[in-house]
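Undergrad: Could you have a look at this structure, given as C-alpha cells, before my questions?
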Amino acid sequence: MSEYKEECRCCERSSEDQAKYDQIAQVIDTYRDKEGCLIMVLHAAQQIYGYLPLELQRFIADQLGLPLSEVYGVVSFYSFFSTTERGAHTLRVCLGTACYVRGGKKLVEALEEKLQVKVGGTTADKRFTFEIARCIGACGLAPALMIDDDVFKQVSPAKLDGLLAQY
Amino acid sequence: MATIQLTINGKACEAPKGSTILKAAQANGIRIPTLCYLDKVHQFGACRICVVEVEGARNLQASCMVEAQDGMVIHTNSKRVRDARKVLYQLLLSDHNQDCLACSRNQDCELQALGRELGVTENRFAGEKNEVGIDACVSFTRDLSKCILCRRCVSVCNRIQETGILNAQNRGFATVISPAENLPIGTVACAMCGQCTVVCPVGALKETSHQERVWDALNDPNKRVIVQPAPAVRVGIGECFGLPAGTSQTGRLAAALRRLGFDDVFDTNWAADLTIMEEGTEFLGRVKSALTGGDAVLPMFTSCSPGWIKFCEHHFPTELDHLSSCKSPHMMFGAVLKSYYAKKLGKKPEDIYVVSVMPCTAKKLEIARPEMTNDGVPNVDAVLTVRELGDMIKSAGIDFLNLPEEQFDAPLGMSTGAADIFGLTGGVMEAALRTVYEIITGRELPFPDLHVTPIVGLKQVKEATIKLENVRPEWSILEGFEVRIAVTSGLAGARKLMEQVEKGESPYHFIEVMGCPGGCITGGGQPRTADIEVTRQKRMEALYKEDEGKKLRKSHENPELLAFYKEWGEPCGHASHEYLHTHYVPRGVYNELTDETFVIEA
C-alpha cells in the first residue's frame, strides 16, 4: 500500500532530499514498534530535515502505519515542531517577567528591525529563525537571549550586531 | 464475581471489582451526569462533568475513569461537586455557538439536556470565541463552532473504524477536531460512514440535510416523486418516536411515507432481491471463469456499502477489480425507476424524482458520484437518513404511532425475506447463498431455517465453507467445489480482509463487507442511542424476525422480480450492464490519484 504511493513521490525528490529521507527511514526502523515512538521520530526528522513539511509527515505516517491526522495532530500540538522551513540558527529572546522588565521587549523590536523579520519568521538568507521564549530560567542574567544552545546575558540592542556576527 | 463495598452518598453500596465509580454508582441506582462518556464507545475523561468527591483525595475525580476501590467514601452530589460541574459547564458554553433555537439538534442535544440537569441558569463567562467555520461535504456537515471537544468522534474514527480521519489538531484554546492540516472533509480519505454523526452529542457533526430538496420535490406538481426505504430503516424508525430498539415498523413506515405525499411508496427491499440476482450471477460467472482457466478475479467483495467502496478506493486502489460491479440496491432501484418504470408510466426520466431513505450517510455521497447516472439524470435524487425521515414525519404533523399498518405499492414494493436481512452483517451473503446454492444444486440451502449459522452474529470476521455436491448437470463443473466465504462489518475488519488479498493470501472466494459495525442496523444514518450494543442486538433480532415472517424467503422466488426480468432481460445481461452495474475510481490515501472531491461550498 505505502509502496504504491511512495513510488510516485520518490521520483520527485532531489538526491539531497532523498538522502535525508533515507536517513529518516533508518531512524524510523530503530524506533518502530516502540510505544510513543512518533514524537522521537518527529524530533529526529526535524533535526535531519530542518522542519516537518506535510510531505515528510506523510512519509512518516506511511512508514509508521499511522493516520496523517494523528501525525499532524502531534506536530501542531508541540510548538517546537515547525512545518515551515527554519533558519540555520534559532534565536530566542526571553520575555519572561525579569527579562521583559529589563528590556527584552526592546531587543525584540531591535531584532525585528535588524533581521527584517517578525517574531516566528525566518530571515530571507535562512540564517536565523526568530522566536521568543517564556522564561529560560536565567532571570539573574536578564535580559537574556539564546542562539541555538548558547545563552547570552545582559544583552542590549547595541550588542546585537556583535552577537549575530558570531553565527 | 468479586465485589467491593463502598459508600456513595451515605449509602452502603456493593459493586463488581474493577468497575469505575460511574458504573458502581449506576449499579446502585445513583446517576452521575456525564457528557463525553459514551458507554462501550468512548471513555476518555475529557469533559470532567462526571467529577465526584472521594474522601481522602485532594482533587475531584472523574468518575468515568477512576476505578472504585473497596472502602471508598464518595459524594456525587455535594456542594463542591455541584459547583465544579456548573463552572465546567459554563466554561464549555463560553466557546459554544449558542444559536440553539436554530440548531437541528435543538431539544435533542446532550449539552442542552445537561445544562438543565445541572441546574445552570446563567451564562457566567463571556470569553473569547474560536474563529471556526462550517465544513460541509456531500454526506455530512461539521460545524466546529458547536464542537465541545468531547472526542467521541475521534474514538469511533480511530479506534472502532480505524480510519483515522478525525483527530485533535493544535493545542489548548486553538484545538479543533479535524483532518490533518484542517483540510475539508470532502477532500480526504474519509469513507463518509457517518459513525461520527451518530455519537456527536451536539450539533457539530450531522448529516448534510436533504429535507428541503425533498419537500421541494413533493411540492412540485410536475414531478412524480418515488420513495424507497432500505431494509434497516423499518427497525430503526420507531426509535424516532420513542419506541424501544428493535420494534419493527414496516407497516407504519409505508403509511407515513404515503401521508408525506410520495406518489409511489416502493421498497428498496425489492431491489435487494434484484441485487442478489445480479450479484449472484456475477459471482457464478467469476467462479466459472476461474475454474475454466479464465482471468476472473477472486475473491469477489460485495459492493452494497458505499462507505466501504470509498474506503477501498482510497486504501486499495489497485485491488478494485475485486469489488462486485453491482451498484448498491437503492441505486439499482433508482436506475430501474427512471428507465423501466418511467417507460411504463409514459414519463421522461427527468420528470421522476427518486428519494431513498437510508440508515446511512455514505449513500448521500453515492448519489453524488458521477458514475451513478443514466440517460443524463442521476439514478437517485435525494437520500434521507432515518433521523431526517423522523424529523420530516414530525414536521408534517403525522401521528406516527397511531398510523394504520399499510403495504408498499405494487409492482415494485414486494420483497422476500432474503431482502430484509440485507440490513445486517452476514445478511447479503446469506441471501446470496440461498439463491446461488439452489440454482446450482436444485436444493434448498442446508441450514436450519435457512440461516447460515457461522456467519450470524456480531463477530468482526466470520467465515464458512459451503460444499457444492450433487449439482445440476449444467453446473457439473462445480461438483465438489467448496465455496469459502467471509463476512465482516466495520472498516477495521474490511481492512484486514483486503490486506490479505493484497498480499495474495486470501483463502476466500466471496466476501461480504458492510462499512459500519453490525451492518446497516447501526449505520451512520440511524437514530442515536445511549447503548449501541443492546440497540444493535435488538435491531438485528427484529430484522431476522422480518425475514422469518415472510412466506417467500429467497430472492429468486420474488414473483414481481421474475416478471420484471421477463421484460428487462437476463441478470447481468445487456440492460443490467448499462443500468445496474458500475465501475470504481482509484483515489489513494491522500486522494492523490484523482481530482474528484466531495466538498459543498457553504
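Each chain in the C-alpha cells gets a letter, A, B, ..., in the order shown, and its residues are numbered from 1; ligands are numbered from 1 in order too.
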For B:Tyr590, find every residue with an atom within 8 Å (counting only C-alpha atoms), except residues of its own chain fewer than 2 positions away, and show them as a PyMOL selection string.

TA: chain B and resi 188-189+314+587-588+592

Undergrad: Give me the residues within 9 Å of A:Val93 as a list in words, counting only C-alpha atoms and dropping any in the same chain fewer than 6 places off.

TA: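 Close residues of A:Val93: Cys99, Gly104, Lys105, Leu107, Val108, Phe130, Glu131, Ile132, Ala133, Arg134, Pro143, Ala144, Leu145, Met146 and Ile147 of chain A.
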
Undergrad: For chain A, list the residues within 6 Å of chain B, counting only C-alpha atoms, and write the list as a ChimeraX atom specification.

TA: /A:67-70,72-73,76-77

Undergrad: Write out as a list of chain:residue names the residues lying within 9 Å of stretch 82-91 of chain B, counting only C-alpha atoms and excluding same-chain residues fewer than 5 positions away.

TA: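 Here the qualifying residues turn out to be B:Cys47, B:Arg48, B:Ile49, B:Cys50, B:Val51, B:Val52, B:Leu60, B:Thr76, B:Asn77, B:Leu111, B:Leu114, B:Gly115, B:Leu118, B:Gly119, B:Val120, B:Glu122, B:Asn123, B:Arg124, B:Phe125, B:Ala126, B:Gly127.
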
Undergrad: Stretch 23-35 of chain A: which residues within 8 Å, counting only C-alpha atoms, same-chain residues fewer than 4 positions away excluded, as a PyMOL selection string?

TA: chain A and resi 19+40-41+44-45+48+60+63-64

Undergrad: Now that the selection is made, can you save its residues with N, CA and C atoms as a PDB file, in the first residue's frame?

TA:
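Writing done, so here's out.pdb:
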```pdb
ATOM      1  N   ALA A  19      18.495  11.589   0.305  1.00  0.00           N
ATOM      2  CA  ALA A  19      19.457  11.156   1.321  1.00  0.00           C
ATOM      3  C   ALA A  19      18.897  11.401   2.716  1.00  0.00           C
ATOM      4  N   MET A  40       9.574  10.812  19.059  1.00  0.00           N
ATOM      5  CA  MET A  40      11.023  10.658  18.849  1.00  0.00           C
ATOM      6  C   MET A  40      11.357  10.737  17.365  1.00  0.00           C
ATOM      7  N   VAL A  41      10.524  10.101  16.556  1.00  0.00           N
ATOM      8  CA  VAL A  41      10.763  10.124  15.117  1.00  0.00           C
ATOM      9  C   VAL A  41      10.633  11.550  14.576  1.00  0.00           C
ATOM     10  N   ALA A  44      13.691  13.598  15.564  1.00  0.00           N
ATOM     11  CA  ALA A  44      14.864  13.274  14.748  1.00  0.00           C
ATOM     12  C   ALA A  44      14.683  13.786  13.321  1.00  0.00           C
ATOM     13  N   ALA A  45      13.454  13.642  12.809  1.00  0.00           N
ATOM     14  CA  ALA A  45      13.209  14.073  11.433  1.00  0.00           C
ATOM     15  C   ALA A  45      13.405  15.573  11.291  1.00  0.00           C
ATOM     16  N   ILE A  48      17.079  16.289  11.143  1.00  0.00           N
ATOM     17  CA  ILE A  48      17.697  15.904   9.873  1.00  0.00           C
ATOM     18  C   ILE A  48      17.243  16.814   8.733  1.00  0.00           C
ATOM     19  N   ILE A  60       6.343   9.833   7.110  1.00  0.00           N
ATOM     20  CA  ILE A  60       6.435   9.260   8.457  1.00  0.00           C
ATOM     21  C   ILE A  60       5.155   8.489   8.787  1.00  0.00           C
ATOM     22  N   GLN A  63       5.199   5.221   6.889  1.00  0.00           N
ATOM     23  CA  GLN A  63       6.208   4.292   7.401  1.00  0.00           C
ATOM     24  C   GLN A  63       5.796   3.699   8.744  1.00  0.00           C
ATOM     25  N   LEU A  64       5.152   4.519   9.575  1.00  0.00           N
ATOM     26  CA  LEU A  64       4.760   4.034  10.901  1.00  0.00           C
ATOM     27  C   LEU A  64       3.368   3.409  10.899  1.00  0.00           C
TER      28      LEU A  64
END
```

Undergrad: Find the residue from A:Thr84, A:Gly50, A:Val155, A:Glu113 that sits nearest to A:Tyr100; use only C-alpha atoms when measuring.

TA: A:Val155

Undergrad: Check the smallest atom-to-atom distance from each of B:Cys157, B:Ala204, B:Ala368, B:Val501 to B:Ile134 using only C-alpha atoms, then report the winner.

TA: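 So, comparing all the options, the nearest one is B:Ala204.
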
Undergrad: To one decimal in Å, tell me the separation between atom CA of B:Thr281 and atom CA of B:Leu323.

TA: 14.2 Å

Undergrad: Report as a ChimeraX atom specification all protein, DNA and RNA residues lying within 12 Å of A:Thr122, evaluated on only C-alpha atoms, omitting residues in the same chain fewer than 2 positions from it.

TA: /A:82,84-91,111-112,115-120,124-131

Undergrad: Go ahead and save the residues from that selection, with C-alpha atoms, as a PDB file, in the first residue's frame.

TA:
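Generated file (selection14.pdb):
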```pdb
ATOM      1  CA  SER A  82       7.815  23.514  12.722  1.00  0.00           C
ATOM      2  CA  THR A  84       7.812  25.753   7.679  1.00  0.00           C
ATOM      3  CA  GLU A  85      11.454  25.945   6.713  1.00  0.00           C
ATOM      4  CA  ARG A  86      13.719  27.157   9.513  1.00  0.00           C
ATOM      5  CA  GLY A  87      16.924  29.136   9.508  1.00  0.00           C
ATOM      6  CA  ALA A  88      20.321  27.612  10.183  1.00  0.00           C
ATOM      7  CA  HIS A  89      20.139  29.015  13.708  1.00  0.00           C
ATOM      8  CA  THR A  90      17.297  29.628  16.113  1.00  0.00           C
ATOM      9  CA  LEU A  91      17.365  32.875  18.029  1.00  0.00           C
ATOM     10  CA  LEU A 111      15.921  42.410  16.140  1.00  0.00           C
ATOM     11  CA  GLU A 112      12.808  42.799  14.027  1.00  0.00           C
ATOM     12  CA  LEU A 115      16.721  40.882  10.754  1.00  0.00           C
ATOM     13  CA  GLN A 116      13.833  42.339   8.769  1.00  0.00           C
ATOM     14  CA  VAL A 117      11.537  39.625  10.031  1.00  0.00           C
ATOM     15  CA  LYS A 118       8.688  39.339  12.542  1.00  0.00           C
ATOM     16  CA  VAL A 119       8.677  37.009  15.544  1.00  0.00           C
ATOM     17  CA  GLY A 120       8.148  33.428  14.320  1.00  0.00           C
ATOM     18  CA  ALA A 124      15.496  35.854   3.872  1.00  0.00           C
ATOM     19  CA  ASP A 125      19.041  34.440   3.878  1.00  0.00           C
ATOM     20  CA  LYS A 126      17.813  31.490   6.007  1.00  0.00           C
ATOM     21  CA  ARG A 127      20.379  32.239   8.685  1.00  0.00           C
ATOM     22  CA  PHE A 128      18.033  32.834  11.617  1.00  0.00           C
ATOM     23  CA  THR A 129      14.613  31.787  12.760  1.00  0.00           C
ATOM     24  CA  PHE A 130      13.487  34.403  15.241  1.00  0.00           C
ATOM     25  CA  GLU A 131      11.325  33.362  18.203  1.00  0.00           C
TER      26      GLU A 131
END
```

Undergrad: Between A:Asp150, A:Cys139, A:Gly121, A:Pro157, single out the one closest to A:Glu109, counting only C-alpha atoms.

TA: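 Between A:Asp150, A:Cys139, A:Gly121, A:Pro157, the residue approaching A:Glu109 most closely is A:Pro157.
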
Undergrad: Within 10 Å of B:Ser489, counting only C-alpha atoms, which residues qualify if same-chain residues fewer than 2 places away don't, as a VMD selection string?

TA: chain B and resid 161 308 424 to 426 458 to 462 487 491 to 494 512 to 520
